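Asks: Below are the structure tokens for one structure; questions will follow.
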Amino acid sequence: MIRYKIMVIDDDRLLRESLRDVLSEKYDIAISGSGEEGIKYLKSHPIDLILLDIRLPGVDGIETLKLIRESGIEASIL
């Protein structure tokens, strides 16, 4: 059975950990607390779906989305 890979990019630690706890039964989960950290991870790890917070400190979610698309990373983003 294929396990899809989901990445959660959010600065709220409690939300990240809650999503990881709930989703990890059926999916492989990666978490990141910032856009910069998330992009660095995505460059070397394939991901199927990204759950991206819009309001992030530093590089916000909109800029993170642009950088993900510009780097050629192919994943669905919500």
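Residues in the structure tokens are numbered from 1 in each chain, the chains being A, B, ... in the order shown, and ligands are numbered from 1 in the order shown.
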Near Ile9 (chain A), within 9 Å and counting only C-alpha atoms, which residues show up once chain neighbours fewer than 2 positions away are dropped, as a PyMOL selection string?
Replies: chain A and resi 7+11+16+30-35+37-38+50-53+56+61
Asks: Keeping only C-alpha atoms, write the selected residues as a PDB file, in the first residue's frame.
Replies:
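result.pdb was written with the following content:
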```
ATOM      1  CA  MET A   7       4.100  18.304   4.732  1.00  0.00           C
ATOM      2  CA  ASP A  11       4.487  28.320  12.873  1.00  0.00           C
ATOM      3  CA  ARG A  16       1.711  21.049  13.633  1.00  0.00           C
ATOM      4  CA  ALA A  30       6.864  16.019   7.652  1.00  0.00           C
ATOM      5  CA  ILE A  31       6.520  19.237   9.629  1.00  0.00           C
ATOM      6  CA  SER A  32       8.173  22.623   9.376  1.00  0.00           C
ATOM      7  CA  GLY A  33       7.850  25.769  11.472  1.00  0.00           C
ATOM      8  CA  SER A  34       8.794  28.247   8.753  1.00  0.00           C
ATOM      9  CA  GLY A  35       8.643  28.780   5.010  1.00  0.00           C
ATOM     10  CA  GLU A  37      12.767  25.515   6.576  1.00  0.00           C
ATOM     11  CA  GLY A  38       9.963  23.955   4.540  1.00  0.00           C
ATOM     12  CA  ILE A  50       1.609  20.569   1.415  1.00  0.00           C
ATOM     13  CA  LEU A  51      -0.596  22.170   4.068  1.00  0.00           C
ATOM     14  CA  LEU A  52       0.700  25.747   4.106  1.00  0.00           C
ATOM     15  CA  ASP A  53      -0.153  28.493   6.584  1.00  0.00           C
ATOM     16  CA  LEU A  56       4.160  32.836   8.742  1.00  0.00           C
ATOM     17  CA  GLY A  61       2.865  31.741   3.086  1.00  0.00           C
TER      18      GLY A  61
END
```
Asks: Got a sec: who's within 10 Å of Leu23 (chain A), counting only C-alpha atoms, leaving out chain neighbours fewer than 6 positions off, as a PyMOL selection string?
Replies: chain A and resi 6+17+29
Asks: Go ahead and write the selection's residues with all heavy atoms as an mmCIF file, in the first residue's frame.
Replies:
```
data_model
loop_
_atom_site.group_PDB
_atom_site.id
_atom_site.type_symbol
_atom_site.label_atom_id
_atom_site.label_comp_id
_atom_site.auth_asym_id
_atom_site.auth_seq_id
_atom_site.Cartn_x
_atom_site.Cartn_y
_atom_site.Cartn_z
ATOM 1 N N ILE A 6 2.742 13.960 3.296
ATOM 2 C CA ILE A 6 2.158 15.276 3.524
ATOM 3 C C ILE A 6 3.131 16.107 4.348
ATOM 4 O O ILE A 6 3.702 15.619 5.320
ATOM 5 C CB ILE A 6 0.818 15.165 4.282
ATOM 6 C CG1 ILE A 6 -0.193 14.361 3.458
ATOM 7 C CG2 ILE A 6 0.277 16.553 4.624
ATOM 8 C CD1 ILE A 6 -1.498 14.087 4.181
ATOM 9 N N GLU A 17 1.888 19.638 15.575
ATOM 10 C CA GLU A 17 1.946 18.349 16.270
ATOM 11 C C GLU A 17 0.589 17.642 16.270
ATOM 12 O O GLU A 17 0.526 16.417 16.143
ATOM 13 C CB GLU A 17 2.471 18.548 17.679
ATOM 14 C CG GLU A 17 3.944 18.945 17.678
ATOM 15 C CD GLU A 17 4.501 19.234 19.060
ATOM 16 O OE1 GLU A 17 3.774 19.046 20.057
ATOM 17 O OE2 GLU A 17 5.661 19.648 19.132
ATOM 18 N N ILE A 29 4.261 11.968 7.449
ATOM 19 C CA ILE A 29 4.128 13.390 7.737
ATOM 20 C C ILE A 29 5.496 14.014 7.983
ATOM 21 O O ILE A 29 6.328 13.469 8.700
ATOM 22 C CB ILE A 29 3.242 13.616 8.991
ATOM 23 C CG1 ILE A 29 1.891 12.937 8.837
ATOM 24 C CG2 ILE A 29 3.099 15.112 9.285
ATOM 25 C CD1 ILE A 29 1.055 13.446 7.691
#
```
Asks: CA of Leu15 (chain A) to CA of Glu36 (chain A): how many Å, to one decimal?
Replies: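 The value is 18.4 Å.
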Asks: Quick one: pull the distance between CA of Lys43 (chain A) and CA of Leu65 (chain A), Å, one decimal.
Replies: 13.5 Å
Asks: From the DSSP assignment of the backbone, select every residue of region 3-63 of chain A that is strand (DSSP E or B), and format the answer as a list of chain:residue names.
Replies: A:Lys5, A:Ile6, A:Met7, A:Val8, A:Ile9, A:Asp28, A:Ile29, A:Ala30, A:Ile31, A:Ser32, A:Leu49, A:Ile50, A:Leu51, A:Leu52
Asks: Applying 12 Å and only C-alpha atoms, which residues near Ser71 (chain A) remain after dropping the ones on its own chain fewer than 6 positions away? List them as a ChimeraX atom specification.
Replies: /A:39-40,42-44,64-65
Asks: For the residues in that selection, give me C-alpha atoms as a PDB file, in the first residue's frame.
Replies:
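Saved the output as selection_28.pdb:
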```pdb
ATOM      1  CA  ILE A  39      11.497  24.928   1.193  1.00  0.00           C
ATOM      2  CA  LYS A  40      14.885  23.563   2.257  1.00  0.00           C
ATOM      3  CA  LEU A  42      11.194  20.093  -0.034  1.00  0.00           C
ATOM      4  CA  LYS A  43      14.257  20.479  -2.244  1.00  0.00           C
ATOM      5  CA  SER A  44      15.545  17.078  -1.147  1.00  0.00           C
ATOM      6  CA  THR A  64       6.665  30.532   0.304  1.00  0.00           C
ATOM      7  CA  LEU A  65       4.122  29.345  -2.271  1.00  0.00           C
TER       8      LEU A  65
END
```
Asks: Quick check, in Å to one decimal: how far apart do CA of Gly72 (chain A) and CA of Arg13 (chain A) lie?
Replies: 27.5 Å
Asks: In chain A, what's helix (DSSP H, G or I) per DSSP? Answer as a VMD selection string?
Replies: chain A and resid 13 to 23 35 to 42 61 to 70
Asks: Return the single residue from A:Ile73, A:Leu78, A:Asp10, A:Ile47 that is closest to Val59 (chain A), with distances computed using only C-alpha atoms.
Replies: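 Ranking A:Ile73, A:Leu78, A:Asp10, A:Ile47 by distance to Val59 (chain A), first place goes to A:Asp10.
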